[in-house]
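What follows is the content of entry39.txt (compact mmCIF, C-alpha atoms and all ligand atoms).
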```txt
# COMPACT_ATOMS: atom_id res chain seq x y z
CA MET A 1 0.00 0.00 0.00
CA SER A 2 1.45 3.37 -0.98
CA GLY A 3 0.61 6.82 0.44
CA PRO A 4 -1.31 8.53 1.77
CA PHE A 5 -0.75 6.12 4.64
CA THR A 6 -3.49 5.42 7.16
CA LEU A 7 -3.49 4.41 10.80
CA ALA A 8 -4.30 0.68 10.56
CA PRO A 9 -6.97 -0.46 13.04
CA LEU A 10 -5.84 -2.26 16.21
CA PRO A 11 -6.47 -6.05 16.06
CA TRP A 12 -8.27 -5.92 19.48
CA ASN A 13 -9.98 -3.35 21.75
CA GLU A 14 -7.79 -0.90 23.67
CA SER A 15 -8.67 -2.51 27.03
CA ASP A 16 -8.24 -6.14 25.89
CA LEU A 17 -4.58 -6.47 26.98
CA GLU A 18 -5.31 -5.47 30.59
CA PRO A 19 -3.82 -6.01 33.10
CA ALA A 20 -0.57 -6.61 31.15
CA ILE A 21 -0.93 -3.28 29.28
CA SER A 22 -3.62 -0.79 30.30
CA ALA A 23 -6.19 0.81 27.98
CA ARG A 24 -4.62 4.17 28.92
CA THR A 25 -1.19 3.08 27.65
CA ILE A 26 -2.63 1.63 24.44
CA GLY A 27 -4.79 4.73 23.96
CA PHE A 28 -1.82 7.12 24.13
CA HIS A 29 0.52 4.80 22.28
CA TYR A 30 -1.85 4.19 19.37
CA ASN A 31 -3.84 7.43 19.10
CA LYS A 32 -0.94 9.81 19.83
CA HIS A 33 2.44 8.19 19.11
CA HIS A 34 1.54 5.81 16.26
CA LYS A 35 -0.89 8.31 14.69
CA THR A 36 1.75 11.07 14.77
CA TYR A 37 4.20 8.84 12.86
CA VAL A 38 1.52 8.25 10.18
CA ASP A 39 0.59 11.95 9.91
CA THR A 40 4.24 13.08 9.82
CA LEU A 41 5.13 10.48 7.19
CA ASN A 42 2.30 11.70 4.94
CA LYS A 43 3.52 15.29 5.24
CA LEU A 44 7.16 14.35 4.56
CA VAL A 45 6.52 12.19 1.47
CA ALA A 46 3.97 14.50 -0.20
CA GLY A 47 5.30 15.50 -3.61
CA THR A 48 8.30 13.13 -3.44
CA PRO A 49 8.81 9.79 -5.26
CA TYR A 50 8.20 8.07 -1.87
CA ALA A 51 4.52 9.08 -2.04
CA ASP A 52 3.91 6.26 -4.57
CA MET A 53 6.03 3.59 -2.85
CA PRO A 54 4.75 0.85 -0.55
CA LEU A 55 5.69 1.41 3.11
CA GLU A 56 8.19 -1.48 3.24
CA GLU A 57 9.99 -0.14 0.18
CA ILE A 58 10.29 3.33 1.73
CA VAL A 59 11.84 1.79 4.87
CA ARG A 60 14.37 -0.20 2.82
CA ALA A 61 15.19 2.76 0.54
CA THR A 62 15.89 5.17 3.42
CA VAL A 63 17.46 2.99 6.16
CA ALA A 64 21.00 4.12 5.29
CA ALA A 65 20.14 7.86 5.06
CA ARG A 66 22.43 10.05 7.13
CA GLU A 67 21.30 11.60 10.42
CA GLY A 68 19.72 15.02 9.92
CA SER A 69 18.78 14.46 6.25
CA ASP A 70 15.22 14.66 4.93
CA ASP A 71 15.42 10.97 4.01
CA ARG A 72 16.39 10.13 7.61
CA LYS A 73 13.25 11.89 8.85
CA ILE A 74 11.23 9.87 6.33
CA PHE A 75 12.94 6.67 7.50
CA ASN A 76 12.26 7.39 11.16
CA ASN A 77 8.55 7.89 10.58
CA ALA A 78 8.07 5.13 7.96
CA GLY A 79 9.99 2.69 10.19
CA GLN A 80 7.87 3.56 13.19
CA VAL A 81 4.60 3.17 11.23
CA TRP A 82 5.66 -0.32 10.10
CA ASN A 83 7.07 -1.28 13.52
CA HIS A 84 3.91 -0.30 15.38
CA ASP A 85 1.61 -2.12 12.92
CA PHE A 86 3.80 -5.18 13.50
CA TYR A 87 3.91 -4.73 17.30
CA TRP A 88 0.11 -4.57 17.67
CA ARG A 89 -0.19 -7.81 15.73
CA SER A 90 2.56 -9.38 17.86
CA LEU A 91 0.27 -9.05 20.90
CA THR A 92 -2.97 -10.87 21.71
CA PRO A 93 -5.23 -11.08 24.75
CA LYS A 94 -5.56 -14.83 24.06
CA GLY A 95 -1.99 -15.70 25.13
CA GLY A 96 -1.14 -19.34 24.42
CA LYS A 97 2.01 -21.20 23.42
CA PRO A 98 3.86 -21.84 20.13
CA LYS A 99 2.69 -24.92 18.23
CA GLY A 100 3.79 -27.11 15.31
CA ALA A 101 6.72 -26.03 13.10
CA LEU A 102 7.29 -22.87 15.16
CA ALA A 103 7.51 -24.83 18.44
CA ARG A 104 9.99 -27.25 16.83
CA ALA A 105 12.11 -24.38 15.45
CA ILE A 106 12.21 -22.72 18.90
CA GLU A 107 13.38 -25.99 20.54
CA ARG A 108 15.99 -26.50 17.84
CA ASP A 109 17.41 -22.94 17.86
CA PHE A 110 17.04 -21.90 21.53
CA GLY A 111 16.72 -25.23 23.41
CA SER A 112 13.32 -24.33 24.91
CA LEU A 113 10.57 -21.69 24.92
CA ASP A 114 11.80 -20.46 28.32
CA ALA A 115 15.29 -19.96 26.93
CA LEU A 116 13.86 -17.90 24.03
CA LEU A 117 11.79 -15.76 26.41
CA GLU A 118 14.84 -15.19 28.60
CA LYS A 119 16.85 -14.12 25.55
CA LEU A 120 14.10 -11.68 24.45
CA ALA A 121 13.94 -10.25 28.00
CA ASP A 122 17.74 -9.84 28.19
CA GLU A 123 18.06 -8.19 24.78
CA GLY A 124 15.10 -5.91 25.52
CA LYS A 125 16.68 -4.89 28.82
CA GLU A 126 20.06 -4.30 27.22
CA GLN A 127 18.79 -2.09 24.38
CA PHE A 128 20.16 1.26 25.54
CA GLY A 129 17.54 3.98 25.12
CA SER A 130 14.61 3.64 22.72
CA GLY A 131 14.24 0.66 20.44
CA TRP A 132 12.80 -2.74 19.73
CA VAL A 133 13.46 -6.43 20.35
CA TRP A 134 12.59 -8.95 17.63
CA LEU A 135 12.22 -12.66 16.98
CA VAL A 136 13.39 -13.15 13.39
CA SER A 137 14.02 -16.01 10.95
CA ALA A 138 16.71 -16.16 8.29
CA GLY A 139 16.70 -19.24 6.05
CA GLY A 140 14.35 -20.84 8.61
CA LYS A 141 16.78 -20.33 11.51
CA LEU A 142 15.40 -18.30 14.39
CA SER A 143 17.29 -15.64 16.32
CA VAL A 144 16.71 -12.59 18.52
CA GLU A 145 17.75 -9.07 17.47
CA LYS A 146 17.53 -5.70 19.11
CA THR A 147 17.37 -2.43 17.17
CA ALA A 148 17.60 1.25 18.11
CA ASN A 149 14.94 3.92 17.59
CA ALA A 150 13.02 3.25 14.33
CA VAL A 151 15.34 0.59 12.87
CA ASP A 152 13.92 -2.87 12.15
CA PRO A 153 15.39 -6.10 10.72
CA MET A 154 12.88 -5.92 7.82
CA ALA A 155 14.87 -2.95 6.48
CA LYS A 156 17.76 -5.38 5.84
CA GLY A 157 15.43 -7.93 4.24
CA ILE A 158 15.24 -10.13 7.35
CA ASN A 159 11.94 -11.88 8.04
CA CYS A 160 10.38 -10.71 11.34
CA LEU A 161 8.20 -13.02 13.45
CA LEU A 162 7.47 -10.88 16.54
CA ALA A 163 8.29 -7.35 17.78
CA ILE A 164 8.29 -5.86 21.26
CA ASP A 165 8.41 -2.09 21.64
CA VAL A 166 10.89 -1.03 24.36
CA TRP A 167 10.48 2.75 23.93
CA GLU A 168 9.45 4.24 27.28
CA HIS A 169 6.08 5.29 25.84
CA ALA A 170 5.20 1.57 25.56
CA TYR A 171 5.31 0.97 29.32
CA TYR A 172 5.90 4.12 31.38
CA LEU A 173 2.28 4.76 32.46
CA ASP A 174 1.93 1.17 33.73
CA TYR A 175 5.44 0.23 34.85
CA GLN A 176 7.24 3.63 35.16
CA ASN A 177 10.96 2.94 34.64
CA GLU A 178 10.68 -0.83 35.15
CA ARG A 179 11.24 -2.08 31.61
CA PRO A 180 12.19 -5.62 32.79
CA LYS A 181 8.80 -5.96 34.54
CA TYR A 182 6.95 -4.87 31.36
CA LEU A 183 9.01 -7.32 29.30
CA LYS A 184 8.40 -10.22 31.69
CA THR A 185 4.62 -9.63 31.62
CA VAL A 186 4.33 -9.16 27.86
CA LEU A 187 6.61 -12.10 27.07
CA GLY A 188 4.90 -14.43 29.52
CA LYS A 189 1.27 -13.52 28.83
CA ILE A 190 0.31 -11.78 25.60
CA LEU A 191 2.62 -12.75 22.72
CA ASN A 192 0.76 -13.75 19.56
CA TRP A 193 2.37 -17.07 18.63
CA ASP A 194 -0.11 -17.65 15.77
CA PHE A 195 1.12 -14.40 14.17
CA ALA A 196 4.73 -15.57 14.61
CA ALA A 197 3.88 -18.97 13.08
CA GLY A 198 2.26 -17.30 10.06
CA ASN A 199 5.34 -15.14 9.54
CA LEU A 200 7.68 -18.15 9.77
CA ASP A 201 5.52 -19.95 7.23
CA LYS A 202 5.76 -16.97 4.84
CA GLU A 203 9.54 -17.21 4.92
CA ASP A 204 9.43 -21.00 4.38
CA HIS A 205 7.34 -20.45 1.26
CA ALA A 206 9.71 -17.75 -0.01
CA VAL A 207 12.76 -20.02 0.55
CA ARG A 208 11.04 -22.93 -1.21
CA ALA A 209 9.96 -20.73 -4.14
CA ALA A 210 13.53 -19.42 -4.55
CA ALA A 211 14.93 -22.98 -4.56
CA GLU A 212 12.56 -24.15 -7.34
FE FE B 301 5.92 2.74 20.36
```

Target encoding structure tokens, full file:
Amino acid sequence: MSGPFTLAPLPWNESDLEPAISARTIGFHYNKHHKTYVDTLNKLVAGTPYADMPLEEIVRATVAAREGSDDRKIFNNAGQVWNHDFYWRSLTPKGGKPKGALARAIERDFGSLDALLEKLADEGKEQFGSGWVWLVSAGGKLSVEKTANAVDPMAKGINCLLAIDVWEHAYYLDYQNERPKYLKTVLGKILNWDFAAGNLDKEDHAVRAAAE
């Protein structure tokens, strides 16, 4: 989808993630922060070749732009629009556990689900300042990555399975400065493993198609 970009609807109601994340946090995060990224992106790309490009292409085309440039401003906002759309879909009030091919890949690459969750918590804690922690797959192999500010692994062509926002605005109203507590709750209770499984499957198909 190319511009003008719209604020995609949330996949659940603002209060559905309580008590892990309050309706107040989701309300500010979605209606203020996420919406501002969408509005700013539309203003920045108006009248430029980016106005006709799909969002993912804009992110990939601008990821290497230098700090302070107009393209960097476009990257920051395009990245944050994509990241937030992905984050909302990485969360679900239903909870649950990984199943099938995803569960087997987690065992193979991390040893256990608990080991993966510990790794996500550690990387999320260690991300200095604003950023994101990701479960990704490359050639079917799973790993955890952390990124700063608006950067995401998708910009480098890496397939993302799950994202967790570790900017302060994602947790401050509920957890104040206690990022580890926010991470522990989100990781343990509201990750959307079906979304992750669907994303892993997409990469499997792409790898198979390329091999044929
Ligand atoms: Fe955010």

Exercise answer, 6 Å around ligand FE 301 (chain B) with only C-alpha atoms and all ligand atoms, as JSON, numbers by chain: {"A": [165, 167, 170]}

d(CA of Ala163 (chain A), CA of Lys73 (chain A)) in Å: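 Atom-to-atom, CA of Ala163 (chain A) and CA of Lys73 (chain A) are spaced 21.8 Å apart.
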
When you count all atoms listed in the file, which of these residues is closest to Glu18 (chain A): A:Glu145, A:Asp70, A:Asp174, A:Glu123?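 That would be A:Asp174, the residue with the smallest distance to Glu18 (chain A).
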
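CA of Lys146 (chain A) sits 10.6 Å away from CA of Lys119 (chain A).
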
Check the smallest atom-to-atom distance from each of A:Ile158, A:Leu7, A:Leu120, A:Ala101 to Val186 (chain A) using all atoms listed in the file, then report the winner. A:Leu120

Taking into account all atoms listed in the file, which residue in the set A:Ala138, A:Ala78, A:Leu187, A:Ile164 is nearest to Asn199 (chain A)? A:Ala138

Using all atoms listed in the file, what table do you get, as a tab-separated table, when you list each residue of region 76-159 of chain A with an atom no more than 9 Å from region 49-60 of chain A, its nearest pair of atoms, and their distance in Å rounded to one decimal, rows by chain then rising number?
```
residue	atom	partner	partner_atom	distance
A:Asn76	CA	A:Val59	CA	8.4
A:Asn77	CA	A:Val59	CA	9.0
A:Ala78	CA	A:Val59	CA	5.9
A:Gly79	CA	A:Val59	CA	5.7
A:Val81	CA	A:Leu55	CA	8.4
A:Trp82	CA	A:Leu55	CA	7.2
A:Val151	CA	A:Val59	CA	8.8
A:Asp152	CA	A:Val59	CA	8.9
A:Met154	CA	A:Arg60	CA	7.7
A:Ala155	CA	A:Arg60	CA	4.6
A:Lys156	CA	A:Arg60	CA	6.9
A:Gly157	CA	A:Arg60	CA	7.9
```

May I have the residues from that selection written out with C-alpha atoms, as a CSV table (one decimal), keeping the file's coordinate frame?
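Listed below is the output, out.csv:
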```
chain,number,residue,atom,x,y,z
A,76,ASN,CA,12.3,7.4,11.2
A,77,ASN,CA,8.6,7.9,10.6
A,78,ALA,CA,8.1,5.1,8.0
A,79,GLY,CA,10.0,2.7,10.2
A,81,VAL,CA,4.6,3.2,11.2
A,82,TRP,CA,5.7,-0.3,10.1
A,151,VAL,CA,15.3,0.6,12.9
A,152,ASP,CA,13.9,-2.9,12.2
A,154,MET,CA,12.9,-5.9,7.8
A,155,ALA,CA,14.9,-3.0,6.5
A,156,LYS,CA,17.8,-5.4,5.8
A,157,GLY,CA,15.4,-7.9,4.2
```

Fix up region 123-134 of chain A with N, CA, C and O atoms, then write it as an mmCIF file, in the frame of the given file.
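Once written, rebuild06.cif looks like this:
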```
data_model
loop_
_atom_site.group_PDB
_atom_site.id
_atom_site.type_symbol
_atom_site.label_atom_id
_atom_site.label_comp_id
_atom_site.auth_asym_id
_atom_site.auth_seq_id
_atom_site.Cartn_x
_atom_site.Cartn_y
_atom_site.Cartn_z
ATOM 1 N N GLU A 123 17.754 -9.124 25.871
ATOM 2 C CA GLU A 123 18.060 -8.190 24.780
ATOM 3 C C GLU A 123 17.225 -6.913 24.914
ATOM 4 O O GLU A 123 17.702 -5.819 24.657
ATOM 5 N N GLY A 124 15.972 -7.065 25.320
ATOM 6 C CA GLY A 124 15.100 -5.910 25.520
ATOM 7 C C GLY A 124 15.612 -5.009 26.633
ATOM 8 O O GLY A 124 15.557 -3.780 26.541
ATOM 9 N N LYS A 125 16.126 -5.641 27.690
ATOM 10 C CA LYS A 125 16.680 -4.890 28.820
ATOM 11 C C LYS A 125 17.950 -4.159 28.393
ATOM 12 O O LYS A 125 18.202 -3.028 28.781
ATOM 13 N N GLU A 126 18.749 -4.844 27.584
ATOM 14 C CA GLU A 126 20.060 -4.300 27.220
ATOM 15 C C GLU A 126 20.010 -3.223 26.134
ATOM 16 O O GLU A 126 20.982 -2.496 25.950
ATOM 17 N N GLN A 127 18.892 -3.136 25.402
ATOM 18 C CA GLN A 127 18.790 -2.090 24.380
ATOM 19 C C GLN A 127 18.870 -0.737 25.078
ATOM 20 O O GLN A 127 17.975 -0.363 25.825
ATOM 21 N N PHE A 128 19.949 -0.005 24.846
ATOM 22 C CA PHE A 128 20.160 1.260 25.540
ATOM 23 C C PHE A 128 19.304 2.343 24.898
ATOM 24 O O PHE A 128 19.431 2.612 23.705
ATOM 25 N N GLY A 129 18.428 2.964 25.677
ATOM 26 C CA GLY A 129 17.540 3.980 25.120
ATOM 27 C C GLY A 129 16.389 3.339 24.358
ATOM 28 O O GLY A 129 16.049 2.182 24.576
ATOM 29 N N SER A 130 15.800 4.099 23.436
ATOM 30 C CA SER A 130 14.610 3.640 22.720
ATOM 31 C C SER A 130 14.942 2.573 21.694
ATOM 32 O O SER A 130 16.013 2.598 21.102
ATOM 33 N N GLY A 131 14.006 1.670 21.473
ATOM 34 C CA GLY A 131 14.240 0.660 20.440
ATOM 35 C C GLY A 131 13.244 -0.482 20.503
ATOM 36 O O GLY A 131 12.137 -0.336 21.042
ATOM 37 N N TRP A 132 13.680 -1.593 19.954
ATOM 38 C CA TRP A 132 12.800 -2.740 19.730
ATOM 39 C C TRP A 132 13.580 -4.024 19.952
ATOM 40 O O TRP A 132 14.791 -4.073 19.738
ATOM 41 N N VAL A 133 12.858 -5.099 20.344
ATOM 42 C CA VAL A 133 13.460 -6.430 20.350
ATOM 43 C C VAL A 133 12.586 -7.326 19.461
ATOM 44 O O VAL A 133 11.362 -7.187 19.443
ATOM 45 N N TRP A 134 13.261 -8.202 18.699
ATOM 46 C CA TRP A 134 12.590 -8.950 17.630
ATOM 47 C C TRP A 134 12.923 -10.432 17.687
ATOM 48 O O TRP A 134 14.084 -10.806 17.967
#
```
